[in-house]
Each structure stands twice: as structure tokens, then as C-alpha cells.
Amino acid sequence: MQGQISLSEKASSKGAFSIVVDKMTTPIYYDEKDEDLIATASELLAQDIERVTGRLPLIKTSKPNSDKAIIVGSIKNSRLIDQLVKSGKLNVSDLQNSWERFIVKVVSNPFPGVDKALVIVGSDRRGTAYGVFELSKIIGVSPWYWWADVPVTKHKRLAINVTDYISKEPSIKYRGVFLNDEDWGLKPWASKMMDPKINDIGPNTYSKISELLLRLKLNMLAPAMHEVTGAFYKYPENKIIADKYGILITTSHAEPLLYNNTTEWHHDINGDWNYTTNKDGVLEVMDKRVAEASLYENIYTVGMRGIHDRGMSEVPKGYTKANVLEQVIENEREILNKHIDKSITEIPQIFVPYKEVLDIYRSGMRLPEDITLVWPDDNYGYIKKLSDTEEALRSGGAGVYYHISYLGSPNDYLWLNTTPPALMYEELSKAYKSGAQRYWLLNVGDIKPGEVGIQFFADFAWDVESYSFEKIPFVNAEFLASIFGEKYKSEFKQIYNTYFHLGFERKPEYMGWDWRWNSIETNEKIIDTEFSFKNYNEAENRIKAYTSIANQTEAIYKKIDKKQKSAFYQLVYYPVIGAYLENLKMLTAQKNRWYAKQGRAATNRLIEEVKEYDLKLSEITETYNNLEKGKWQGIMTAPERVPEVQLPPLSTIQIPENAELGLFIPNADEASGLHILSQFDVNTKKDYTFEIYNKGKKPLKWKAVVSNEYLKLSQDSGETTDQDHIKVSIDWKNLPKKKQLQENITINSGDTTKTIFVSIKNSKVAKADALLYVADNEVVSIDPARFSRINEKNGSKVSIIEELGYAGNSIQFGNIIDKGWANTSIEYDFYTDKSGYATVYTYALPLFGRDDNTGTSYGVQIDDSKVNWESTASAEYSFDWQQNVIRNAIINTSKIWIREPGNHTLRLIGGDPGMIIQKAVIDFGGLRESYMGPEPSLIAED
């Protein structure tokens, strides 16, 4: 891309092109014989200028005759553009034989009597429209002005600076979204607010969706297709509206030749949806659909599955499903040839080996090579297969079907978008490098509240090469800062990176821990999460992280301009506060149940907190639906609201009148019956805590006495109706020079005395030249992005992936175009005073291999031990796979013998290309039960 377009600070500045100044508003000209989209784009540009300035430009189809003019046209059909080219005023050679490119240029004296013209010219109709909306963005109209109510900055005068701007060709030829699982958001909203006359998702809704896609430089739409929604082609105007905006219609894996069997096929009328028993009936409906749709731009899905998302019907003896699919596709292509006056190889067709169809394809099914292979993810963001060497040579190329929203097994995530940009980048860039550059479809559910994910997808699909792992942590902050102000950019980065990090650990929809899908027509079986209140302060840390970003969000919401509040509520406030409330509701309920087992006086108080979080979630959802004077009524449904409002299980206990002392020690072995604090270590210098809690109604008075003065307490006495949290630290400077010390803390309350045993390790590990981890309470916990050394070999590199993984950042061995097995490794030095067998837990992303010839192996080794080769993939729909995708990790276990205490090196070794490690833990017997394990155990700085 060359050149630049920018908003001029002064409308009258020299060299700027004035659009609105004083009483002059520059007219917009286009050729009436140009394609209809050019008229649509010109009208929308005029409306955008009016949104900014309050002045609506005239739109003319005559030859320009004003002092200044905005000229919009394509190189194929605009006589105005042709005249400029022939006169030598405009060079469009870069646009010839190009796909969706545009030029924005100021031309002097373009026609007699015209001083200057701002020319927006495209290689085709969409290229022209993209140029128009590039200008709209520059003058301050966001693509999300309607869908997220992003305010427009007003200007009385309007001018732009232009140096000849030539866009690149989009990285991905066909780019779009799939509206899906619309039952609880898009459908009820559209029926009530957009298309009430038909009580459905109809032309008014699709008009706004198509405009959004066009403004985002996307070019295709897979319409909503659930049972609750009328099929797209049920309403004839829908296809006309889509074409008005230049949007191609594509369909999901379940809709052959644009036919939606979910609502259009009626068994009582049509018989079985079965090619082998009802071939004529099946082909007849497809034939009618292509005849109806063939006048417009479409991408046709070929093949056949069952009704909706069901598997393909069984086939007679003597046939295979592959044989039958081959015949189906042959017949489908005959239908396409019948109605479309093009060579079959020029008609865009896709084959999506989704779910069971991938196994059918792998069984040896023959597929015409001009058909685009669209590789699906596993519905949870991990692409199952990409093209191998032979498939990469296919003339039809390849594409990707990817999800940021899903309804199905093992569980749904329909509420909030929590798929991290770093994961999207990693998987989609992998697809791009493997040749999947023809077709990208993103399942976006109801569109809202997936705006930031859609924005990133659209920008990335337009220009893949402009992104990198280093850029990804900033994408959401830059997008939001462009709307709400640069001064909030660092806060947006913190808020949204933390939001995606926490959502990656566990999606808000999964906090009920009922991870096995039984449809959303039944209540959840809510149980305790695996986030531990007992160990590593894990649950409390999650609460603190959510509370921090919720507080930041609330603070910004209070400060921003009133005109920005609606957009902020939709793009930031609701997702962040909603996730915060859902997490605190579930975790506080879990704490209530745990407290009840301990008999804590605070138990019953937590019930009201849980109810308050749930009530607040209802309130913010209702507020969302009533934004903009009720514009969004019905669009948002919070969890535990379908089929009915459901609170998590709560425990009420009888609390005795008199106070009674209770004591909780984190990370302790409760079975021992002793109160033993985690061991203090001079090498990590961590502080630890304990809790004194009351079991009665009357206040509990307590006093703590330490056995030595270098043992420090944050509080040594108190009176509490529920509980006190006490921090214990060591005065390391005044510690006796002994390798091991044993101390205690005595807690007295009335006639009750309890003793906490304290152990202190005061033997320093020798300083190392490289980064050093230490075994802390018999566990080494490793952040993979903080390493001792990297050994890159045979061109295979190690990448640090920021903002992805349990530890915050992850490491990747090589990339998709590597051959792998280069023996590249990354090393982590650690110290332990133990010997014998150690258990190494490696937390990897649950990735699939690049293709059927590539595995998912990586190696684990300590010192010169035998290499343990581990894998990241599990068979789709297996029990292991279900667990792994729900938690975004596969946890592999390697048993390795360590001969003696001292310094050692954990080595992670690249095997198959692209494997990603997000955390490692080495257990020498001290590991406690938790969801993600302890924090990194790096040696402390002196």
C-alpha cells in the first residue's frame, strides 16, 4: 500500500482537499451506468459527511461541473473514470486484473471548469466501495457507528490531505462471517426491533449487517439458519439487499448449494433427506435454489450432511459414504452448470470437511481440484487439519472455517467473546502460511458482543502480512483508543489483555463446571470449580484480577464523554463487567460451600453476595438491551437465564452464639491434622498467609505470639465477627546463620490455643550466569517465556507468544512451514535439594498436527535423561479432547529420574513444527491440587 489519507486540521490549509467549508459542500459524482453498489456507496458517503458536518452533499450522475468534486467509480463501468484515464489525468494500471483494490487521489483540473477532484476508483465494485469507506473512517465515521453506536466527531469544516493512495489486494480473497446460534440474541432482537412485520431476521436486519461487512472490508455472509429463523431465501428481498451492498452469500457446511434443510425441508412433504433413497427429491430443491440465486454472487457449498448439523445418513451395502458424496457433488456441479453461464471451474465452490465429513474425506474420497477445501477448527479455536503437499497444489486452493462462538458439545460459549487475539493470530496465520488464502469464514454467533473479535478478524484477513506476534497485544487497545481516546490506550491494553487471559484460562460460560453439554434447554449441574481457595491463592487471585479490570472499566466509564457511554458500554463495559460478575458469582458460591464445611461465621453472608452478583448481572444485561432508547431489546441473554433463572448451589448453616476459633492454613496437608505453614525459602523470599476465622455470632478475640522476633506478622491480635487475614514474613537480614530453622506461631483465643509450625530454609543457592528457578516447597514452576537459554538449529526458531497461555506468555517451536525435528530446544536451569523421580507437567496448547502426515510431538528432558516425547492432540470428541478444549490445555506427564540434588536443566525440545508450551511444573512431591499450579518459582533478587 502506498500513499496516505489524513484529516486536515484546517479545512482551508494549502494542499488540503475541502469537502465542507463555509457554505460550500462538495458534490459526489458517479456514473449511473456503473454497478449498483457504486450508487449505494456514494449515498452512504454522503450520509457520512452529513453525520460529521450536518451538511448533506448533493449526489449527481452528470459530468462534474462544480469547482470541486468527489468522483466515485470502478475501472470497469464508469465513463467518468474512463475519461480521466484517457486524458492522462488518472493512472489505473495498478488496478488492472486486480481483486478489490482502490486508489484515492486528488486530480487537478480533471474536467473543464473543475479545479480539483477527489477520485475514488476501484478495480471492481467492492474495491470502489472499500475506497469510499476508507474515506469515511478518516473523516470519523466508524464501521461500528450503527452496530456499536460509536459516536461521530463533529466538524463544521471538513478537509483531507491525500498523497496518492493505492491499496493492496486483500490477503484473503473471500472473507466473511457466519451468523449462527441466533436463538437467544439476534433472532429475538431482529424480530422485535428490525423486521417485526415478518417476526424474523429479514431484509432490514440484513441491510444493516451487509453495510457493516462492507465497511469492515469483508465481502461475504453466511446467513442465520437455525430452526427459529426463516431461511434466507424465504424472503426474496434478502438476496437483493445483500447484492445491493456487494456481499456474496455463502453457507455453512450443512447447507448444500445454498439450501437450508433445517427449515425448508419438510419430511411430510419432501420425504427423507437422504440422497441414496430420495435422490430426485434432494436434487430438486437444490436445483430450484440455484435457479433462484444464480443471478447474484454466491459461493456454493458442495457435499451433503444430515438435517442441520447432523451427520450424513447411512448408505446401502456395497457403497461407502465417500462414494455417495462423490456422486452428490457430481450432481451438484451439473446443477451449477445448468443455471450459471460459466465454466464449472470458474464458479466458486467450497467443500467443508466438518466433524464426521473429515473422516469420510480422509477415507479416500475424490474431490474435483477446482473446489476450495475449507478446513474447520474443532469449534474451540484449534484447526484440525491443513493442506498437505499434494492438497496445496489444488487449483481451488484452501480456506478456513473458524469459531469465536459455538453451540454444542462439550459445552457452549454463546455469551461473550473470549477467544484471545493471540490464539486467532497463531491459528489463522498458520493456515495462511499453509496456503489457506482463498476463503475465511468466522462464526460470530449474534455479532454482539463479538465486535472486537470481528474487527480483528476483518483487519487481519485484509492484510495478514502486517501482523505479527509482537503486534497482537496492542490490537484491541489501538482499536478502542481510536474510538475513546489515546489517553486510555494503556488502560485498554491492560483491561482487554487481562480479560482475554482470564477467559482463556476458563470461559465465563464454563464457570459452572458442568462441562458436558446437555443443551441449554436444561439447567446446569453447577459444582465447585477447580480454581482452588485452599492452594496457591488461585481462586482469590482470579477474583482480584477480575476486580482490578472491573474497577478500571468503571472508572473510565465515569470519566468518558456522555456521547461515548453507549458505545463504551457495548464494547468494553458489558463484556468486562459481565465476565467479572459471572466469575465472582460462581467463585463466591464455591467459597460459601467451602466455608459451610468449615463452619465459618461468614458462610451465610456470602449468600447475599452471590445473589447481589446475579442481580447485578441481570441489571447490566437489561441496561444493555435498553441502550439507545431500547434499540437493542432482546439482543443479550446472560448465563443461567435459559430455560430459567438459576443460582448456583448455596449452603446455609446454623451459627452458634458463642465465638469459636477456626484456623485455615493455605497449601497445607489437612490430613495431617497439624497446622503447618508453607516453608519459607531464602532463595524465593516469599511471604505466606493464614486465616483466623470465627465460628460463632459473638466477636472472636484472638492474640498471636511468634517464637522469634524475625518472624513478622501483619497483625498480632484482633477482634473479628467473621475472619482476619494474616501475612507472615521473615526479616531475612536478622535471621541466624543456620541452614534450617524451626519456629512457631501460637494463636490464643479464650481457652483455645492453636500452634502453627513454621519452617525456614536459609541455605542460599549459588548465583548462576543464566536465569535460575528453584524448587519452592518441592515444586519448580516455570514460565516458559522466561528461559535460561535457547538453542535454535537448522533454521527452526523459537517464538515468544505474548498474551497467550496460563503463564501469560507461551513459547512456540518453529512454525507451520518448518519441517520440524530440527532439535531446537529451550532450556530452564533449576535447583533442587531432592533426588529420585520427578514428575514434569507440561501444559501445552491442544493443537492438531498441520496435516495428516504431521504429528504433534515435543520432547521433555532433564539433563541427559532419555527424552520423553509428548503429544498435544487428542481424538476429536474423545473424553480427553473435551477436557482439553474446555481448559485450553493438554497437561502431559513425564516421569524423569534425577540422580542427585543440585543444579539441573529442564530441556523442552521441538519435534513436530508449531507446538506451543504455556507452562511447566516439576514436582518433587510437594504439588498441591489446583487448576493451573503454582506461580513461577524464580530465584529472588538480593
# chains A, B, ... in the order shown; residues from 1 in each chain; ligands from 1
$ residues_around --residues "region 482-494 of chain A" --least-positions-apart "6" --cutoff "12 Å" --atoms "only C-alpha atoms" --output "JSON, numbers by chain"
{"A": [137, 138, 140, 141, 142, 143, 144, 145, 148, 149, 150, 151, 152, 153, 471, 472, 473, 474, 475, 476, 500, 501, 545, 546, 548, 549, 550, 551, 552, 553, 554, 555, 556, 557, 559, 560, 561, 562, 563, 564, 565, 566, 567, 568, 569, 571, 572, 573, 576, 803]}
$ select_by_dssp --residues "region 36-205 of chain A" --states "strand (DSSP E or B)" --output "number ranges by chain"
A: 59-60, 68-74, 102-108, 116-122, 158-166, 174-179
$ atom_distance --atom1 "CA of Leu407 (chain A)" --atom2 "CA of Trp515 (chain A)"
12.5 Å
$ closest_residue --among "A:Ile527, A:Met365, A:Ala322, A:Leu186" --to "His226 (chain A)" --atoms "only C-alpha atoms"
A:Leu186
$ residues_around --residues "His904 (chain A)" --least-positions-apart "5" --cutoff "8 Å" --atoms "only C-alpha atoms" --output "list in words"
Asp829, Phe830, Tyr831, Thr832, Ile862 and Asp863 of chain A
$ write_last_selection --atoms "all heavy atoms" --output "CSV table (one decimal), in the first residue's frame"
chain,number,residue,atom,x,y,z
A,829,ASP,N,17.2,-23.7,33.7
A,829,ASP,CA,18.0,-24.2,34.8
A,829,ASP,C,17.2,-24.1,36.1
A,829,ASP,O,16.5,-23.1,36.3
A,829,ASP,CB,19.3,-23.3,34.9
A,829,ASP,CG,20.2,-23.4,33.7
A,829,ASP,OD1,20.1,-24.4,33.0
A,829,ASP,OD2,21.0,-22.5,33.5
A,830,PHE,N,17.4,-25.1,36.9
A,830,PHE,CA,16.7,-25.1,38.2
A,830,PHE,C,17.5,-25.7,39.3
A,830,PHE,O,18.4,-26.6,39.0
A,830,PHE,CB,15.3,-25.7,38.1
A,830,PHE,CG,15.3,-27.2,37.9
A,830,PHE,CD1,15.3,-28.1,38.9
A,830,PHE,CD2,15.4,-27.7,36.6
A,830,PHE,CE1,15.3,-29.5,38.7
A,830,PHE,CE2,15.4,-29.1,36.3
A,830,PHE,CZ,15.3,-30.0,37.4
A,831,TYR,N,17.2,-25.4,40.5
A,831,TYR,CA,17.9,-26.0,41.7
A,831,TYR,C,16.9,-26.8,42.5
A,831,TYR,O,15.8,-26.3,42.8
A,831,TYR,CB,18.6,-25.0,42.5
A,831,TYR,CG,19.2,-25.6,43.8
A,831,TYR,CD1,20.5,-26.1,43.8
A,831,TYR,CD2,18.5,-25.6,45.0
A,831,TYR,CE1,21.1,-26.7,44.9
A,831,TYR,CE2,19.0,-26.2,46.1
A,831,TYR,CZ,20.3,-26.7,46.1
A,831,TYR,OH,20.8,-27.3,47.2
A,832,THR,N,17.3,-28.0,43.0
A,832,THR,CA,16.5,-28.8,43.9
A,832,THR,C,17.5,-29.4,44.9
A,832,THR,O,18.6,-29.8,44.5
A,832,THR,CB,15.7,-29.8,43.2
A,832,THR,OG1,14.9,-30.5,44.2
A,832,THR,CG2,16.5,-30.8,42.4
A,862,ILE,N,15.4,-33.9,31.3
A,862,ILE,CA,16.2,-33.2,32.3
A,862,ILE,C,17.6,-33.7,32.2
A,862,ILE,O,17.9,-34.9,32.3
A,862,ILE,CB,15.6,-33.5,33.7
A,862,ILE,CG1,14.2,-32.8,33.8
A,862,ILE,CG2,16.5,-33.0,34.8
A,862,ILE,CD1,13.5,-33.0,35.2
A,863,ASP,N,18.5,-32.8,32.1
A,863,ASP,CA,20.0,-33.1,32.0
A,863,ASP,C,20.1,-34.0,30.8
A,863,ASP,O,19.7,-33.7,29.7
A,863,ASP,CB,20.5,-33.7,33.3
A,863,ASP,CG,20.4,-32.7,34.4
A,863,ASP,OD1,20.4,-31.5,34.2
A,863,ASP,OD2,20.3,-33.2,35.6
$ residues_around --residues "Val114 (chain A)" --least-positions-apart "3" --cutoff "9 Å" --atoms "only C-alpha atoms" --output "PDB file with C-alpha atoms, in the first residue's frame"
ATOM      1  CA  PRO A  64     -18.818  17.205 -12.915  1.00  0.00           C
ATOM      2  CA  ASN A  65     -19.451  20.927 -13.302  1.00  0.00           C
ATOM      3  CA  SER A  66     -18.554  22.291  -9.846  1.00  0.00           C
ATOM      4  CA  ASP A  67     -15.327  23.877  -8.628  1.00  0.00           C
ATOM      5  CA  LYS A  68     -14.585  20.766  -6.579  1.00  0.00           C
ATOM      6  CA  ALA A  69     -15.921  17.258  -6.969  1.00  0.00           C
ATOM      7  CA  SER A 108      -6.191  18.801 -10.671  1.00  0.00           C
ATOM      8  CA  ASN A 109      -8.375  20.143 -13.497  1.00  0.00           C
ATOM      9  CA  PRO A 110      -9.994  16.780 -14.176  1.00  0.00           C
ATOM     10  CA  PHE A 111     -12.730  18.258 -16.338  1.00  0.00           C
ATOM     11  CA  ALA A 117     -11.496  16.302  -7.812  1.00  0.00           C
TER      12      ALA A 117
END
$ select_by_dssp --residues "region 439-495 of chain A" --states "helix (DSSP H, G or I)" --output "ChimeraX atom specification"
/A:451-462,464-466,472-484,486-495
$ residues_around --residues "Asn592 (chain A)" --least-positions-apart "5" --cutoff "7 Å" --atoms "only C-alpha atoms" --output "list of chain:residue names"
A:Thr603, A:Leu606, A:Ile607, A:Leu650, A:Ser651
